[in-house]
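Chemist: Have a look at this one.
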Amino acid sequence: MRVNPAYISIGTNRSSSCSACTSNGLLAFGAGKLVALWDTESSQGVCETLPGHKGQITTLKLLGNDQFISGDTVGEIRVWGQKDDKWICEQKWSAHEGSSISAIGTGKDLVLTGGSDGSIKVWKWNKGKGEVGMSLEEIQKIQIKGKLPLDIELTYLPGSNSPILAVGATDRLIRIYTLSPAGNFVHSLSLEGHEDWVRCLSFTSYPSSSDATKEDLLLASGSHDNFVRLWRVSQIEAQEPREEKSSEEGLDLLDEFERRLNGEGSGQISTKAHVMAVQDGDQSLRYNITLEALLIGHESSLTNIHWSPPSTTSSPLLLSTAADNSLIMWVPSSLSTSTDGIWVPEHRFGAIGGRGLAFYGAIWGKDGESVMAGGWNGGWERWVKSDEGWEVRSGVNGHYGDVQSIAWDPRGEYLISVGSDQTSRIHAESSIPSSSTSRWAEIARPQIHGYDMTDIAFISPLRFVSGADEKVARVFDAPEGFVESLRTLGVSEGSRNEEGSRPKGATVPPLGLSNRALQKAPAAEEAIEKHGQNEAIISISHTLTSLPTEEELATSTLWPEIEKIYGHGYELVCVASSQSGDLIATASKATNAEYAGIRVISTKNWEIFGDVLNGHSLTVTRIVFSQDDQFILTCSRDRGWRIFETSDKGYTLLAKDEKAHSRMVLDATWAKTEENGKSCLFATASRDKTVKIWIPSEEDRSQWIAADTIKFTEATTAVDIISYQDSYLLAVGTETGSISIHSLKQVEDKVESKELISLESSISHVAPVNRLAWRWKGDRVQLASCSDDRSVRVFDVEV
């Protein structure tokens, strides 16, 4: 058996300096505890995720051009590189034990790490030593007096091999460190001017203002005060005339220079420029740092800044992102006279004055021909340079919270997922006529809610029911644009007959949770209802001719809500729909039998069908209708399962096992036979580290026995079964994120199981698997999975 990943959907972390792009266009970004890789030059999305971190990744930067370095919330640093075309962790170490990594800086042979313990550690990187080709040694620890370092940038002073270190922290200062004769970094001076935390820093070489043949350094700094400041670092020539300086000032400089050589003093001189002295081998050099420009354009705090890649044809450009959902490209006011110190915003991307949905990243693509930014909602937006300007292109998207549930639509054409990020998302493999290859992508975001979502089920291909941390289940119907988009994106051919009098979109009132149907688009002159800072969200569903961007997904793919289903006293945990779509079953949190009942609702009149299904004493964790809708299978935290049989007056209890497992049962699934479609086998997964396969011992199915027990080394959290030829394929997910596939063959009153494959950790999850779902795709099968690691994955399975 072979299993290959076909699709990975995962959202980026809401963290500054948590992404980096190589010169070849490979973007790496922190996604929960994973490092996600996206080749921005290819037509596919995320191609790989790198497991290993035990905490959420907070910082990620380039190390050279062929390695990445990342830090997490438990203080660990990892270095990633390629070996035999595979990405591996080349080195890892605990840099700030018990503290979170808040900043990373890299140099030729140095790595600097900043932690929430208020310290910066300097690590010497020695190649050619250690087990994996390198070793690291801590050579210095810098305390910054109770402040938290937010960004660290290290480069080399112009005209020398002496390093300069800039540190932004949770105060208004930019601390500048240089190397003392003893080989340690010492504080040279502090740059003042910002009025809030200094969040991000970036160095670049820049033509000298006095001699165009020489180069200075430009340091860009972004702050929570909404401003970007540019600082020029210039060398003071030894023969530079000093006539304007008094003899007293000259003596002060010499005295300060002598103190600096001895590693003493602050290095800050009270002149128009900040002057510092460094020792570069046998040379004694002096530099000044002056404020070059103040860039005003963002309306909220800066989150990231990056200089463009080096180019022989143009001066460096600056890219900045902020919490106002904007990205700005800054250029000198006149490129022909690029040393006049005036910078202007040449291009603005995103929405100035948006809904407070911050951009992170500010990443340049390959050769500076594209720009990217990660968003608050977990998705990446991308703009590509063309003859007409900068064109928006689809990026990659994903949940930025735990993914709780997934479900294939009844035709098996697309997948829907819900998560604790309060969104539902539809994923599909599109085959756009203008593209030679098919691509998986997120094509709609039908529900953006105010509660964490817990479960979802399709009633029909264009209607679903969802549950959340509220007492209400909600039913949604597809708008006109989505139905048409299924055909234009090459997802489905069977939707043409289902068009017609569908809503044009949805509108969400101020502070509301319900997506109301919108029968026509509002005219341009119609006023939109506003209440203070809140306004109605209007989502017109358009027919898509290309994959949607993050902005389109967030603003124009909502589905209207057609019904609310009440009745539970506590928050919903699971929902299910019958195969025919005429019934919905729901269950809520419960600590006793009174609230553990299952409510079955008719979709014809939205009223309860029969009596509440009682029997469990704790929260029901899964509800599954059999293939012929004759039975409902439920499992619970009370360690048991129940089977209810249909009748004219509703469902009634048929069979049960109150102690099916020794720990809570977390998932259950039916299987069907090819001959008659009757359900004669089901599986349960439990925290007791087993999966049990159950078959009926009586013809009327009133008694069931565990025909086989499959043992695991971790708690099992998700199962699903699909019939394959004359047997079954059983997929099992565990609490650690591993997925295995087993064959099941029923022989009379026994079931024989055999493990076929256990997925490699490099393509599997790193947190509990919450749901698994099989589907047939032509003559092959695909397995979808979701997890607390925030990813949705689809695997091609070849038996």
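As shown in the structure tokens, the chain order sets the letters A, B, ...; within each chain, residues go from 1, and ligands are also counted from 1 in the order they appear.
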I'd like the neighbourhood of A:Tyr206 as a PDB file with C-alpha atoms, in the first residue's frame, where a residue qualifies if any of its atoms comes within 12 Å (using only C-alpha atoms), though same-chain residues fewer than 2 positions away should be ignored.

Modeler:
ATOM      1  CA  LEU A 157      29.265  47.612   9.420  1.00  0.00           C
ATOM      2  CA  PRO A 158      30.139  49.156   6.065  1.00  0.00           C
ATOM      3  CA  PHE A 203      19.029  46.098   7.703  1.00  0.00           C
ATOM      4  CA  THR A 204      20.086  46.699   4.083  1.00  0.00           C
ATOM      5  CA  SER A 208      26.269  56.531   0.692  1.00  0.00           C
ATOM      6  CA  SER A 209      24.844  60.035   0.885  1.00  0.00           C
ATOM      7  CA  SER A 210      28.296  61.582   0.507  1.00  0.00           C
ATOM      8  CA  ASP A 211      29.912  59.215  -1.985  1.00  0.00           C
ATOM      9  CA  ALA A 212      27.749  57.141  -4.324  1.00  0.00           C
ATOM     10  CA  THR A 213      30.591  54.689  -4.899  1.00  0.00           C
ATOM     11  CA  LYS A 214      30.465  53.652  -1.259  1.00  0.00           C
ATOM     12  CA  GLU A 215      27.724  52.070   0.756  1.00  0.00           C
ATOM     13  CA  ASP A 216      26.104  52.821   4.077  1.00  0.00           C
ATOM     14  CA  LEU A 217      23.636  50.773   6.087  1.00  0.00           C
ATOM     15  CA  LEU A 218      19.947  51.555   6.397  1.00  0.00           C
ATOM     16  CA  LEU A 219      18.125  50.239   9.443  1.00  0.00           C
ATOM     17  CA  ALA A 220      14.326  50.199   9.214  1.00  0.00           C
ATOM     18  CA  LEU A 230      14.846  54.745   8.762  1.00  0.00           C
ATOM     19  CA  TRP A 231      18.286  55.137  10.327  1.00  0.00           C
ATOM     20  CA  ARG A 232      21.456  55.611   8.272  1.00  0.00           C
ATOM     21  CA  VAL A 233      24.700  54.093   9.550  1.00  0.00           C
ATOM     22  CA  SER A 234      27.718  55.832   7.929  1.00  0.00           C
ATOM     23  CA  GLU A 292      17.058  59.275   7.649  1.00  0.00           C
ATOM     24  CA  TRP A 307      13.910  45.177   2.599  1.00  0.00           C
ATOM     25  CA  SER A 308      13.705  43.863  -0.957  1.00  0.00           C
ATOM     26  CA  PRO A 310      19.581  42.756  -3.422  1.00  0.00           C
ATOM     27  CA  SER A 311      19.357  43.975  -7.012  1.00  0.00           C
ATOM     28  CA  THR A 312      21.861  45.524  -9.386  1.00  0.00           C
ATOM     29  CA  SER A 314      17.327  49.312  -8.494  1.00  0.00           C
ATOM     30  CA  SER A 315      17.677  50.652  -4.989  1.00  0.00           C
ATOM     31  CA  PRO A 316      16.252  48.609  -2.111  1.00  0.00           C
ATOM     32  CA  LEU A 317      12.530  48.969  -1.497  1.00  0.00           C
ATOM     33  CA  LEU A 318      10.851  48.537   1.865  1.00  0.00           C
ATOM     34  CA  PRO A 332      12.593  56.827  -2.438  1.00  0.00           C
ATOM     35  CA  SER A 338      17.722  58.155  -4.080  1.00  0.00           C
ATOM     36  CA  THR A 339      19.752  59.824  -1.374  1.00  0.00           C
ATOM     37  CA  GLY A 341      15.958  60.990   2.331  1.00  0.00           C
TER      38      GLY A 341
END

Chemist: I'd like to know which residues of stretch 485-665 of chain A are strand (DSSP E) (by DSSP, run on the backbone); could you write them as a compact mmCIF listing (two decimals) with N, CA, C and O atoms, in the first residue's frame?

Modeler:
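Contents of out-v9.txt, freshly written:
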# COMPACT_ATOMS: atom_id res chain seq x y z
N GLY A 505 -26.64 35.95 -1.98
CA GLY A 505 -25.58 35.98 -0.99
C GLY A 505 -26.17 36.03 0.40
O GLY A 505 -27.29 35.56 0.64
N ALA A 506 -25.41 36.60 1.31
CA ALA A 506 -25.85 36.66 2.70
C ALA A 506 -25.43 37.99 3.31
O ALA A 506 -24.47 38.62 2.87
N THR A 507 -26.16 38.41 4.31
CA THR A 507 -25.81 39.61 5.06
C THR A 507 -25.83 39.30 6.54
O THR A 507 -26.71 38.60 7.03
N VAL A 508 -24.81 39.81 7.24
CA VAL A 508 -24.72 39.60 8.68
C VAL A 508 -24.93 40.95 9.35
O VAL A 508 -24.16 41.89 9.12
N ARG A 516 -28.22 36.18 7.09
CA ARG A 516 -29.54 36.31 6.48
C ARG A 516 -29.42 36.24 4.96
O ARG A 516 -28.46 36.72 4.38
N ALA A 517 -30.41 35.64 4.33
CA ALA A 517 -30.41 35.51 2.88
C ALA A 517 -30.54 36.88 2.22
O ALA A 517 -31.29 37.74 2.69
N LEU A 518 -29.81 37.07 1.14
CA LEU A 518 -29.83 38.33 0.38
C LEU A 518 -30.33 37.98 -1.01
O LEU A 518 -29.65 37.29 -1.77
N LYS A 530 -25.23 51.22 9.90
CA LYS A 530 -24.04 51.28 10.75
C LYS A 530 -24.44 51.59 12.18
O LYS A 530 -25.40 52.29 12.44
N HIS A 531 -23.66 51.04 13.10
CA HIS A 531 -23.86 51.31 14.51
C HIS A 531 -22.48 51.54 15.11
O HIS A 531 -21.79 50.58 15.45
N ASN A 534 -19.41 49.35 14.23
CA ASN A 534 -19.88 48.12 13.61
C ASN A 534 -20.75 48.44 12.41
O ASN A 534 -21.45 49.45 12.36
N GLU A 535 -20.72 47.56 11.42
CA GLU A 535 -21.56 47.75 10.26
C GLU A 535 -21.98 46.38 9.73
O GLU A 535 -21.37 45.35 10.03
N ILE A 537 -22.29 43.27 7.42
CA ILE A 537 -21.39 42.63 6.47
C ILE A 537 -22.24 42.06 5.34
O ILE A 537 -23.12 41.23 5.58
N ILE A 538 -22.01 42.53 4.13
CA ILE A 538 -22.78 42.06 2.98
C ILE A 538 -21.88 41.21 2.10
O ILE A 538 -20.81 41.65 1.69
N SER A 539 -22.31 39.99 1.85
CA SER A 539 -21.53 39.04 1.07
C SER A 539 -22.31 38.65 -0.17
O SER A 539 -23.29 37.92 -0.10
N ILE A 540 -21.90 39.19 -1.32
CA ILE A 540 -22.52 38.83 -2.60
C ILE A 540 -21.74 37.66 -3.18
O ILE A 540 -20.53 37.75 -3.40
N GLU A 561 -28.24 31.48 6.17
CA GLU A 561 -28.78 30.54 7.15
C GLU A 561 -30.29 30.44 6.95
O GLU A 561 -30.99 31.45 6.86
N ILE A 562 -30.78 29.19 6.88
CA ILE A 562 -32.21 29.01 6.60
C ILE A 562 -32.99 28.50 7.80
O ILE A 562 -34.21 28.57 7.82
N GLU A 563 -32.30 27.99 8.83
CA GLU A 563 -33.04 27.46 9.98
C GLU A 563 -32.13 27.37 11.20
O GLU A 563 -30.93 27.14 11.09
N LYS A 564 -32.73 27.58 12.37
CA LYS A 564 -32.08 27.33 13.66
C LYS A 564 -32.82 26.19 14.34
O LYS A 564 -34.04 26.12 14.30
N ILE A 565 -32.07 25.30 14.98
CA ILE A 565 -32.67 24.15 15.66
C ILE A 565 -32.35 24.25 17.15
O ILE A 565 -31.18 24.19 17.55
N LEU A 572 -23.63 22.38 21.97
CA LEU A 572 -23.63 21.21 21.09
C LEU A 572 -22.22 20.63 20.96
O LEU A 572 -21.23 21.35 20.93
N VAL A 573 -22.18 19.30 20.87
CA VAL A 573 -20.91 18.60 20.68
C VAL A 573 -20.86 17.92 19.31
O VAL A 573 -19.84 17.95 18.63
N CYS A 574 -21.98 17.30 18.91
CA CYS A 574 -21.95 16.62 17.61
C CYS A 574 -23.30 16.73 16.91
O CYS A 574 -24.36 16.84 17.55
N VAL A 575 -23.23 16.71 15.59
CA VAL A 575 -24.42 16.71 14.74
C VAL A 575 -24.22 15.64 13.68
O VAL A 575 -23.09 15.27 13.35
N ALA A 576 -25.33 15.13 13.14
CA ALA A 576 -25.27 14.12 12.09
C ALA A 576 -26.49 14.26 11.21
O ALA A 576 -27.52 14.80 11.63
N SER A 577 -26.38 13.77 10.00
CA SER A 577 -27.49 13.80 9.06
C SER A 577 -27.70 12.41 8.49
O SER A 577 -26.73 11.65 8.29
N LEU A 583 -33.40 13.66 7.95
CA LEU A 583 -33.31 13.75 9.41
C LEU A 583 -31.96 14.32 9.83
O LEU A 583 -30.94 14.13 9.17
N ILE A 584 -31.99 15.02 10.97
CA ILE A 584 -30.78 15.54 11.61
C ILE A 584 -30.79 15.08 13.06
O ILE A 584 -31.84 15.09 13.71
N ALA A 585 -29.64 14.67 13.57
CA ALA A 585 -29.52 14.28 14.98
C ALA A 585 -28.47 15.16 15.64
O ALA A 585 -27.42 15.45 15.05
N THR A 586 -28.75 15.59 16.87
CA THR A 586 -27.84 16.48 17.59
C THR A 586 -27.68 16.01 19.03
O THR A 586 -28.59 15.42 19.60
N ALA A 587 -26.52 16.32 19.61
CA ALA A 587 -26.26 16.00 21.02
C ALA A 587 -25.42 17.10 21.62
O ALA A 587 -24.64 17.78 20.91
N SER A 588 -25.53 17.28 22.93
CA SER A 588 -24.84 18.38 23.61
C SER A 588 -23.97 17.87 24.74
O SER A 588 -23.96 16.68 25.06
N ARG A 599 -31.42 14.36 20.09
CA ARG A 599 -32.63 14.88 19.47
C ARG A 599 -32.57 14.62 17.97
O ARG A 599 -31.59 14.99 17.31
N VAL A 600 -33.61 14.01 17.42
CA VAL A 600 -33.70 13.75 15.98
C VAL A 600 -34.73 14.71 15.39
O VAL A 600 -35.87 14.77 15.85
N ILE A 601 -34.33 15.46 14.39
CA ILE A 601 -35.16 16.53 13.81
C ILE A 601 -35.46 16.19 12.35
O ILE A 601 -34.58 15.78 11.60
N SER A 602 -36.70 16.40 11.94
CA SER A 602 -37.09 16.22 10.55
C SER A 602 -36.74 17.48 9.77
O SER A 602 -37.05 18.60 10.20
N VAL A 620 -22.39 12.59 24.59
CA VAL A 620 -22.31 11.76 23.38
C VAL A 620 -21.25 12.37 22.47
O VAL A 620 -21.28 13.56 22.15
N THR A 621 -20.29 11.56 22.04
CA THR A 621 -19.15 12.06 21.27
C THR A 621 -19.31 11.88 19.76
O THR A 621 -18.63 12.55 18.99
N ARG A 622 -20.21 10.97 19.34
CA ARG A 622 -20.40 10.77 17.90
C ARG A 622 -21.75 10.16 17.64
O ARG A 622 -22.21 9.28 18.38
N ILE A 623 -22.41 10.62 16.58
CA ILE A 623 -23.68 10.07 16.10
C ILE A 623 -23.48 9.70 14.64
O ILE A 623 -22.99 10.51 13.85
N VAL A 624 -23.87 8.47 14.27
CA VAL A 624 -23.70 8.03 12.88
C VAL A 624 -24.95 7.29 12.43
O VAL A 624 -25.40 6.34 13.10
N PHE A 625 -25.53 7.72 11.30
CA PHE A 625 -26.63 6.99 10.69
C PHE A 625 -26.06 5.85 9.85
O PHE A 625 -25.02 5.99 9.20
N PHE A 631 -30.62 2.42 11.25
CA PHE A 631 -30.07 2.47 12.60
C PHE A 631 -29.32 3.79 12.83
O PHE A 631 -28.80 4.40 11.90
N ILE A 632 -29.27 4.17 14.09
CA ILE A 632 -28.40 5.25 14.54
C ILE A 632 -27.43 4.67 15.57
O ILE A 632 -27.86 4.03 16.54
N LEU A 633 -26.16 4.85 15.33
CA LEU A 633 -25.12 4.40 16.26
C LEU A 633 -24.59 5.61 17.02
O LEU A 633 -24.28 6.64 16.42
N THR A 634 -24.49 5.48 18.34
CA THR A 634 -23.94 6.57 19.16
C THR A 634 -22.88 6.00 20.11
O THR A 634 -22.94 4.84 20.50
N CYS A 635 -21.93 6.84 20.45
CA CYS A 635 -20.93 6.47 21.46
C CYS A 635 -20.76 7.66 22.40
O CYS A 635 -21.13 8.79 22.07
N SER A 636 -20.17 7.41 23.56
CA SER A 636 -20.22 8.42 24.61
C SER A 636 -18.99 8.35 25.51
O SER A 636 -18.24 7.36 25.52
N TRP A 641 -21.75 2.26 23.96
CA TRP A 641 -22.39 2.63 22.70
C TRP A 641 -23.86 2.20 22.73
O TRP A 641 -24.25 1.35 23.53
N ARG A 642 -24.65 2.79 21.86
CA ARG A 642 -26.07 2.45 21.74
C ARG A 642 -26.42 2.37 20.25
O ARG A 642 -25.86 3.10 19.43
N ILE A 643 -27.36 1.49 19.93
CA ILE A 643 -27.91 1.42 18.58
C ILE A 643 -29.42 1.62 18.68
O ILE A 643 -30.10 0.95 19.48
N PHE A 644 -29.93 2.56 17.92
CA PHE A 644 -31.37 2.85 17.89
C PHE A 644 -31.90 2.45 16.52
O PHE A 644 -31.27 2.71 15.48
N GLU A 645 -33.09 1.84 16.51
CA GLU A 645 -33.70 1.35 15.27
C GLU A 645 -34.90 2.20 14.92
O GLU A 645 -35.65 2.67 15.79
N THR A 646 -35.10 2.42 13.61
CA THR A 646 -36.18 3.29 13.16
C THR A 646 -37.54 2.59 13.26
O THR A 646 -37.63 1.36 13.21
N SER A 647 -38.57 3.40 13.41
CA SER A 647 -39.96 2.93 13.39
C SER A 647 -40.81 4.10 12.90
O SER A 647 -40.30 5.18 12.63
N GLY A 650 -40.48 7.09 15.23
CA GLY A 650 -39.15 7.57 15.59
C GLY A 650 -38.20 6.41 15.80
O GLY A 650 -38.48 5.27 15.42
N TYR A 651 -37.09 6.70 16.43
CA TYR A 651 -36.09 5.67 16.70
C TYR A 651 -36.23 5.17 18.14
O TYR A 651 -36.55 5.95 19.05
N THR A 652 -36.01 3.87 18.31
CA THR A 652 -36.08 3.27 19.65
C THR A 652 -34.82 2.46 19.90
O THR A 652 -34.17 1.99 18.97
N LEU A 653 -34.48 2.30 21.16
CA LEU A 653 -33.26 1.59 21.53
C LEU A 653 -33.35 0.12 21.13
O LEU A 653 -34.30 -0.58 21.46
N LEU A 654 -32.34 -0.36 20.40
CA LEU A 654 -32.30 -1.74 19.94
C LEU A 654 -31.23 -2.54 20.67
O LEU A 654 -31.46 -3.68 21.09
N ALA A 655 -30.04 -1.97 20.81
CA ALA A 655 -28.92 -2.70 21.42
C ALA A 655 -28.01 -1.71 22.13
O ALA A 655 -28.00 -0.50 21.81
N LYS A 656 -27.25 -2.23 23.09
CA LYS A 656 -26.34 -1.38 23.82
C LYS A 656 -25.23 -2.21 24.46
O LYS A 656 -25.36 -3.42 24.63
N ASP A 657 -24.14 -1.55 24.77
CA ASP A 657 -23.07 -2.12 25.58
C ASP A 657 -22.55 -1.01 26.47
O ASP A 657 -21.89 -0.08 25.98
N VAL A 665 -15.34 6.40 24.99
CA VAL A 665 -15.36 6.10 23.55
C VAL A 665 -15.44 7.44 22.81
O VAL A 665 -16.35 8.23 23.03

Chemist: For stretch 759-772 of chain A, find every residue with an atom within 8 Å (counting only C-alpha atoms), except residues of its own chain fewer than 2 positions away, and show them as a PyMOL selection string.

Modeler: chain A and resi 3+5+33+48-51+403-406+717-720+731-740+757+774+783-789+791

Chemist: How would the residues just chosen look if you wrote them out with N, CA, C and O atoms as a compact mmCIF listing (two decimals), in the first residue's frame?

Modeler:
# COMPACT_ATOMS: atom_id res chain seq x y z
N VAL A 3 0.63 5.56 0.35
CA VAL A 3 -0.18 6.72 0.73
C VAL A 3 0.63 7.98 0.45
O VAL A 3 1.76 8.13 0.94
N PRO A 5 0.43 12.35 0.23
CA PRO A 5 -0.39 13.54 0.52
C PRO A 5 -0.82 14.25 -0.75
O PRO A 5 0.00 14.51 -1.63
N LYS A 33 2.50 24.13 15.65
CA LYS A 33 3.79 23.55 16.03
C LYS A 33 4.57 23.06 14.82
O LYS A 33 5.62 22.43 14.97
N GLU A 48 4.53 20.67 2.12
CA GLU A 48 5.10 19.85 3.18
C GLU A 48 5.00 20.58 4.51
O GLU A 48 5.02 21.81 4.55
N THR A 49 4.90 19.82 5.58
CA THR A 49 4.98 20.38 6.93
C THR A 49 6.06 19.64 7.69
O THR A 49 6.19 18.41 7.56
N LEU A 50 6.83 20.37 8.47
CA LEU A 50 7.97 19.79 9.19
C LEU A 50 7.62 19.68 10.67
O LEU A 50 7.48 20.71 11.36
N PRO A 51 7.48 18.47 11.20
CA PRO A 51 7.17 18.30 12.62
C PRO A 51 8.42 18.32 13.48
O PRO A 51 9.54 18.14 12.98
N VAL A 403 -8.94 22.04 14.25
CA VAL A 403 -9.99 21.60 13.32
C VAL A 403 -10.74 20.45 13.97
O VAL A 403 -10.18 19.41 14.25
N GLN A 404 -12.02 20.67 14.21
CA GLN A 404 -12.80 19.72 15.00
C GLN A 404 -13.49 18.64 14.19
O GLN A 404 -13.68 17.53 14.68
N SER A 405 -13.86 18.95 12.96
CA SER A 405 -14.63 17.96 12.20
C SER A 405 -14.52 18.23 10.70
O SER A 405 -14.29 19.37 10.28
N ILE A 406 -14.70 17.17 9.92
CA ILE A 406 -14.74 17.27 8.46
C ILE A 406 -15.85 16.37 7.94
O ILE A 406 -16.29 15.44 8.62
N THR A 717 -8.58 8.11 18.63
CA THR A 717 -9.52 9.23 18.68
C THR A 717 -10.45 9.33 17.48
O THR A 717 -11.43 10.05 17.53
N ALA A 718 -10.13 8.63 16.37
CA ALA A 718 -10.95 8.75 15.16
C ALA A 718 -10.87 7.46 14.35
O ALA A 718 -9.80 6.85 14.27
N VAL A 719 -11.99 7.05 13.78
CA VAL A 719 -12.04 5.86 12.91
C VAL A 719 -12.99 6.13 11.75
O VAL A 719 -13.93 6.92 11.87
N ASP A 720 -12.72 5.44 10.64
CA ASP A 720 -13.68 5.42 9.52
C ASP A 720 -13.41 4.19 8.69
O ASP A 720 -12.27 3.72 8.59
N ALA A 731 -9.43 3.11 8.74
CA ALA A 731 -8.44 4.14 9.08
C ALA A 731 -8.61 4.51 10.54
O ALA A 731 -9.73 4.69 11.02
N VAL A 732 -7.48 4.61 11.25
CA VAL A 732 -7.50 4.91 12.68
C VAL A 732 -6.56 6.08 12.95
O VAL A 732 -5.40 6.08 12.54
N GLY A 733 -7.06 7.07 13.67
CA GLY A 733 -6.24 8.20 14.11
C GLY A 733 -6.07 8.17 15.61
O GLY A 733 -6.96 7.72 16.35
N THR A 734 -4.92 8.65 16.08
CA THR A 734 -4.61 8.56 17.51
C THR A 734 -4.41 9.94 18.12
O THR A 734 -4.41 10.96 17.44
N GLU A 735 -4.20 9.91 19.43
CA GLU A 735 -4.04 11.14 20.21
C GLU A 735 -2.74 11.86 19.88
O GLU A 735 -2.64 13.06 20.07
N THR A 736 -1.73 11.13 19.39
CA THR A 736 -0.45 11.75 19.05
C THR A 736 -0.41 12.24 17.61
O THR A 736 0.60 12.83 17.18
N GLY A 737 -1.47 11.99 16.83
CA GLY A 737 -1.52 12.47 15.46
C GLY A 737 -1.20 11.43 14.41
O GLY A 737 -1.29 11.71 13.22
N SER A 738 -0.85 10.21 14.83
CA SER A 738 -0.52 9.17 13.85
C SER A 738 -1.79 8.61 13.22
O SER A 738 -2.86 8.60 13.83
N ILE A 739 -1.65 8.12 11.99
CA ILE A 739 -2.76 7.52 11.25
C ILE A 739 -2.29 6.19 10.69
O ILE A 739 -1.19 6.10 10.12
N SER A 740 -3.08 5.16 10.87
CA SER A 740 -2.77 3.85 10.30
C SER A 740 -3.98 3.33 9.55
O SER A 740 -5.12 3.70 9.83
N ILE A 757 -0.52 -0.19 6.64
CA ILE A 757 0.48 0.87 6.64
C ILE A 757 0.23 1.81 7.81
O ILE A 757 -0.93 2.01 8.22
N TRP A 774 -13.39 8.74 4.54
CA TRP A 774 -13.03 8.15 3.25
C TRP A 774 -13.95 8.68 2.15
O TRP A 774 -15.09 9.08 2.41
N LEU A 783 -8.44 9.56 1.60
CA LEU A 783 -8.73 9.68 3.02
C LEU A 783 -8.49 11.12 3.45
O LEU A 783 -7.40 11.67 3.22
N ALA A 784 -9.50 11.72 4.07
CA ALA A 784 -9.35 13.08 4.61
C ALA A 784 -9.24 12.98 6.13
O ALA A 784 -9.82 12.10 6.77
N SER A 785 -8.47 13.91 6.70
CA SER A 785 -8.27 13.92 8.15
C SER A 785 -8.19 15.34 8.65
O SER A 785 -7.85 16.26 7.89
N CYS A 786 -8.49 15.53 9.92
CA CYS A 786 -8.34 16.84 10.56
C CYS A 786 -7.84 16.63 11.97
O CYS A 786 -8.01 15.56 12.55
N SER A 787 -7.24 17.67 12.54
CA SER A 787 -6.54 17.49 13.81
C SER A 787 -6.49 18.78 14.60
O SER A 787 -6.74 19.87 14.08
N ASP A 788 -6.11 18.62 15.87
CA ASP A 788 -5.86 19.78 16.72
C ASP A 788 -4.61 20.55 16.29
O ASP A 788 -4.35 21.63 16.82
N ASP A 789 -3.81 19.99 15.37
CA ASP A 789 -2.64 20.73 14.89
C ASP A 789 -3.01 21.77 13.84
O ASP A 789 -2.15 22.36 13.22
N SER A 791 -4.50 21.44 10.93
CA SER A 791 -4.41 21.10 9.52
C SER A 791 -5.56 20.20 9.07
O SER A 791 -6.10 19.41 9.85

Chemist: Using only C-alpha atoms, determine which residues lie at most 6 Å from A:Ser541, disregarding the query and same-chain residues fewer than 3 positions distant; provide the list as number ranges by chain.

Modeler: A: 481, 504-505, 556-557

Chemist: From the set A:Val418, A:Ala441, A:Leu553, A:Leu110, which residue has the shortest atom-to-atom contact distance to A:Thr454, counting only C-alpha atoms?

Modeler: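 Ranked by minimum distance to A:Thr454, first place goes to A:Val418.
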
Chemist: Given the choices A:Asp452, A:Asp151, A:Glu138, A:Glu698, which gets closest to A:Gly222 if the distance is worked out from only C-alpha atoms?

Modeler: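 Looking at the shortest contact to A:Gly222, the residue is A:Asp151.
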
Chemist: Please identify all polymer residues within 10 Å of A:Asn592, counting only C-alpha atoms, omitting same-chain residues fewer than 5 positions from it, and present them as number ranges by chain.

Modeler: A: 597, 616-619, 638

Chemist: Report, in Å with one decimal, the straight-line distance from atom CA of A:Leu415 to atom CA of A:Ala444.

Modeler: 10.5 Å

Chemist: Rounded to one decimal, what separation in Å do you get between atom CA of A:Gly567 and atom CA of A:Ile459?

Modeler: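 Atom CA of A:Gly567 sits 19.3 Å away from atom CA of A:Ile459.
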